[in-house]
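Here is the structure we will look at.
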Protein chains: 2
Amino acid sequence: MALIVQKYGGTSMGSVERIQNVARRVAKWHAAGHQVIVVPSAMAGETNRLLGLANEISAQPDPREVDMLCATGEQASSALLAMALMSQGVPARSYAGWQVPIRTDSAHTKARVKSIESERLREDLDEGRVVVVTGFQGVDEEGNITTLGRGGSDTSAVAIAAAMGADECMIFTDVDGVYTTDPRVAPEARRMRVISFEEMLELASLGSKILQIRAVEFAGKYRVPLRVLSSLTDPLLPIEEESVSGTLITFEEDLQMEAAVVSGIAFSRDEAKFTLLGVPDKPGVAYSILGPVAAANIDVDVILQNQSVDGTTDFSFTVNRNDFARTYKLLQEQVGPAVGAKEIIPDDNVCKVSIVGIGMRSHVGVASLMFRTLADEGINIQMISTSEIKTSVVIADKYMELAVRALHKAFELDQDPAEKDQE
Amino acid sequence: MALIVQKYGGTSMGSVERIQNVARRVAKWHAAGHQVIVVPSAMAGETNRLLGLANEISAQPDPREVDMLCATGEQASSALLAMALMSQGVPARSYAGWQVPIRTDSAHTKARVKSIESERLREDLDEGRVVVVTGFQGVDEEGNITTLGRGGSDTSAVAIAAAMGADECMIFTDVDGVYTTDPRVAPEARRMRVISFEEMLELASLGSKILQIRAVEFAGKYRVPLRVLSSLTDPLLPIEEESVSGTLITFEEDLQMEAAVVSGIAFSRDEAKFTLLGVPDKPGVAYSILGPVAAANIDVDVILQNQSVDGTTDFSFTVNRNDFARTYKLLQEQVGPAVGAKEIIPDDNVCKVSIVGIGMRSHVGVASLMFRTLADEGINIQMISTSEIKTSVVIADKYMELAVRALHKAFELDQDPAEKDQE
């Protein structure tokens with residue numbers, strides 16, 4: 001008997017029929033003798049409907065009241081799921097965040113979980129009930145309803161799994177796992193059976209579409225094995241099959257031989273690059289440039305400063321493409337003149353491609369295989385950035401798909417690492 | 001400065017525009033220096049939408065989960081109203097029933113209010129805020145969400161007014177007050193400026209369309225002056241005008257000279273009558289007949305047993321017309337044979353007309369004026385039932401409108417009692 005937390009997203013809860021399918025799936029785990037806590041999102045579209053009403057009423061609705069409003073979405077879907085379970089003969093009970101309670105700080109619309117009382121849930125589980133807990137919400141010290149921000153139900157599920165010491169937290173969603181890269185770009189992309197928390201975090205640009213990054217951090221910190229799997233399969237899929245489906249996100253020491261040198265390839269087209277030419281190279285020049293950018297609340301990603309020649313240097317950095325115009329204006333009007341740059345070269349036709357893998361720590365030559373592969377395809381690398389388990393390059397965005405496919409092939413990501421070992 | 005509780009129904013909260021109108025009206029009272037607690041219903045249609053989902057999922061959804069589900073409607077509308085108030089510059093805060101808390105028993109879907117904490121609301125009022133409290137819901141001892149049943153927001157408003165010692169509880173609705181009878185039947189029907197709690201309760205068949213009867217009982221018991229008034233007037237209607245509009249439901253001793261002998265005429269077309277002829281008149285015969293009817297959960301209204309002749313009696317009673325077929329079947333198959341009735345005569349073409357007025361206590365001849373008026377119109381009275389402040393007759397339903405109009409005229413209900421005194 002295991003204690004399992006299962007989280008179902010808005011699409012999985014999108015209609016009465018789908019809610020009944022979720023109930024069937026949960027009932028199957030319950031019937032097999034497992035203790036199950038279910039964390040559903042609001043029915044698809046409901047949170048947007050509620051926020052739409054709020055925005056019609058006020059351009060800047062009060063955050064406390066926004067939480068009060070939006071928390072109703074998960075409360076309704078949780079009650080409906082409990083009803084569906086009971087109508088299938090499974091004893092069940094739903095709880096709103098404040099009933100558990102799930103205690104958070106008071107940062108309305110983006111609160112953080114502080115603690116979770118496990119007693120009430122434990123009692124229900126011990127009496128044979130399935131427990132349904134609203135995702136996305138909690139209660140602060142003064143008894144105000146808080147929400148964890150969009151996608152916060154993932155975090156709720158992980159936090160509950162951590163507090164209850166669950167054996168696994170299963171995130172049911174409309175994809176069947178985490179892929180080596182986006183299959184729309186590289187059709188040969190392969191679903192990973194297992195991946196480390198560190199890699200999952202670095203693959204954020206792939207993973208964030210599937211899982212809230214905060215939930216992954218939380219799971220890593222509190223050592224909760226996390227599985228991403230599909231809610232679109234037959235709800236009565238045998239448990240032996242379902243329990244090994246999807247992608248398991250787990251701890252490095254559990255990956256053993258399976259770890260590939262490179263696990264996956266992430267990319268982002270939403271990049272823009274600026275280069276300041278001929279900046280007089282004085283101590284503090286990087287701060288003179290990036291300080292005002294940060295003050296304007298613009299996130300800087302890759303940063304590159306060239307070797308100084310004749311007392312001047314060239315300085316490049318990338319930002320999100322949405323911030324392109326704002327950043328360019330700031331550089332032209334304020335930063336450029338202040339640091340004495342000779343010229344400012346903007347470029348909003350770049351992208352970033354990254355290879356990620358914990359094997360990079362112990363394997364040499366990984367980065368150089370990346371660079372050689374890109375050179376072979378005639379792709380010019382404009383910037384390079386490295387971290388312990390990730391190497392990123394900035395290239396012209398017209399080459400993005402080509403680069404991803406070439407790297408996917410070069411690192412043999414289309415082959416299952418377990419099978420490769422057997423060759 | 002007064003402390004006012006204002007309740008707004010689902011129609012008044014039916015759209016973003018209407019919610020903004022409610023906020024304007026509340027803001028007006030707040031600006032005039034009054035302390036205001038607002039109790040909104042769910043947006044029109046929302047509770048039915050939620051119940052529809054529940055019924056799609058389960059033929060008999062669990063009552064605890066139904067409450068969990070339906071309570072979201074008022075929580076959302078309360079948050080939206082607080083936002084609307086703030087967007088108009090009025091400090092406001094919304095509370096769900098459990099946050100106040102409004103404590104109830106555990107009778108899910110029809111809970112009764114046990115107590116209300118006033119402290120938190122008082123603090124907000126003292127700090128100059130408008131307080132918005134969800135109607136219709138509370139929390140039981142175990143922390144489960146409960147609801148008070150359909151229309152329960154009226155009861156919430158009155159209970160809050162009682163707990164806070166409010167000066168008046170204003171029920172804003174889509175009618176402009178309580179009328180001497182239904183204007184669709186008697187166009188000369190007149191809005192009453194004031195009425196006693198006792199009369200309002202007896203006028204249930206008129207009043208229940210406007211106010212939940214339990215709310216009237218509650219207001220009478222806890223001595224909360226209750227005003228029914230329209231939310232369809234200009235939200236910026238001057239307070240001097242608005243505060244005397246609608247109908248005030250108050251205490252007998254405050255009615256003074258104004259009390260008319262008869263205040264209003266109630267009627268119900270949803271009646272059906274049964275007569276059991278030739279029932280052997282033994283002790284306990286009434287129970288033998290009505291016991292099984294009550295056991296089948298059928299409400300009996302008027303009951304009449306004739307003088308015994310030759311050891312047998314005729315026994316008549318009325319039920320709601322919806323229960324006609326069920327009652328007839330029960331009488332034919334079970335009750336009739338059991339009590340030895342010679343014949344069972346069903347009649348689903350009857351109605352009930354009642355005159356109501358606290359003046360009937362001290363004035364003689366009121367009932368006889370009623371009977372004479374009906375006789376003058378050639379209307380045969382089939383059954384009569386009297387209570388301290390009400391006289392009801394059962395007649396053929398084709399005469400209903402005629403009877404109501406004739407009685408309305410005979411008791412001079414088209415004239416304002418205050419004006420009559422001055423003649």
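Numbering starts fresh at 1 for the residues of each chain in the structure tokens, the chains themselves are lettered A, B, ... in the order given, and ligands are numbered from 1 as they appear.
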
- Task: Would you kindly return, as an NGL selection string, each protein, DNA or RNA residue with an atom no farther than 7 Å from any atom of region 18-24 of chain A, considering only C-alpha atoms and excluding same-chain residues fewer than 6 positions away?
- Result: :A and (12 or 81 or 84-85 or 235)

- Task: Write down as a PyMOL selection string the residues of region 211-387 of chain A whose backbone DSSP state falls under alpha helix (DSSP H).
- Result: chain A and resi 213-221+239-242+252-255+285-295+324-330+336-339+366-376

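Every residue of chain B that lies within 7 Å of chain A is listed here, counting only C-alpha atoms: B:Val16, B:Leu53, B:Ala54, B:Glu56, B:Ile57, B:Ser58, B:Pro61, B:Asp62, B:Glu65, B:Met68, B:Leu69, B:Thr72, B:Gln75, B:Ala76, B:Ala79, B:Leu80, B:Met83, B:Ala84, B:Ser87, B:Gln99, B:Gly143.
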
Restricting it to C-alpha atoms, dump the selection as a PDB file, in the first residue's frame.
```pdb
ATOM      1  CA  VAL B  16     -20.891  43.424 -14.030  1.00  0.00           C
ATOM      2  CA  LEU B  53     -23.283  20.269 -12.791  1.00  0.00           C
ATOM      3  CA  ALA B  54     -23.843  18.398  -9.527  1.00  0.00           C
ATOM      4  CA  GLU B  56     -25.131  15.725 -14.078  1.00  0.00           C
ATOM      5  CA  ILE B  57     -22.514  14.009 -11.944  1.00  0.00           C
ATOM      6  CA  SER B  58     -24.782  12.338  -9.460  1.00  0.00           C
ATOM      7  CA  PRO B  61     -25.066  14.402  -4.818  1.00  0.00           C
ATOM      8  CA  ASP B  62     -23.665  14.330  -1.293  1.00  0.00           C
ATOM      9  CA  GLU B  65     -20.270  18.534  -1.266  1.00  0.00           C
ATOM     10  CA  MET B  68     -19.022  23.156  -0.806  1.00  0.00           C
ATOM     11  CA  LEU B  69     -19.961  23.657  -4.454  1.00  0.00           C
ATOM     12  CA  THR B  72     -18.684  29.405  -4.310  1.00  0.00           C
ATOM     13  CA  GLN B  75     -18.026  34.016  -2.514  1.00  0.00           C
ATOM     14  CA  ALA B  76     -17.381  35.091  -6.096  1.00  0.00           C
ATOM     15  CA  ALA B  79     -15.402  39.486  -4.023  1.00  0.00           C
ATOM     16  CA  LEU B  80     -16.610  41.192  -7.211  1.00  0.00           C
ATOM     17  CA  MET B  83     -13.693  45.152  -6.015  1.00  0.00           C
ATOM     18  CA  ALA B  84     -16.412  47.361  -7.477  1.00  0.00           C
ATOM     19  CA  SER B  87     -12.818  50.914  -7.779  1.00  0.00           C
ATOM     20  CA  GLN B  99     -14.373  33.890   7.878  1.00  0.00           C
ATOM     21  CA  GLY B 143     -15.343  23.471   9.917  1.00  0.00           C
TER      22      GLY B 143
END
```

- Query: Mind checking DSSP for region 170-343 of chain A and telling me the strand (DSSP E) residues as JSON, numbers by chain?
  - Reply: {"A": [170, 171, 172, 173, 194, 195, 196, 226, 227, 228, 229, 230, 247, 248, 249, 250, 264, 265, 266, 267, 268, 269, 270, 271, 272, 273, 274, 275, 276, 277, 278, 279, 280, 300, 301, 302, 303, 304, 305, 312, 313, 314, 315, 316, 317, 318, 319, 320, 343]}

- Task: Using only C-alpha atoms, determine which residues lie at most 12 Å from region 359-373 of chain B, disregarding the query and same-chain residues fewer than 3 positions distant; provide the list as a PyMOL selection string.
- Result: chain B and resi 195-196+198-199+252+255-265+353-356+376-395+402-412
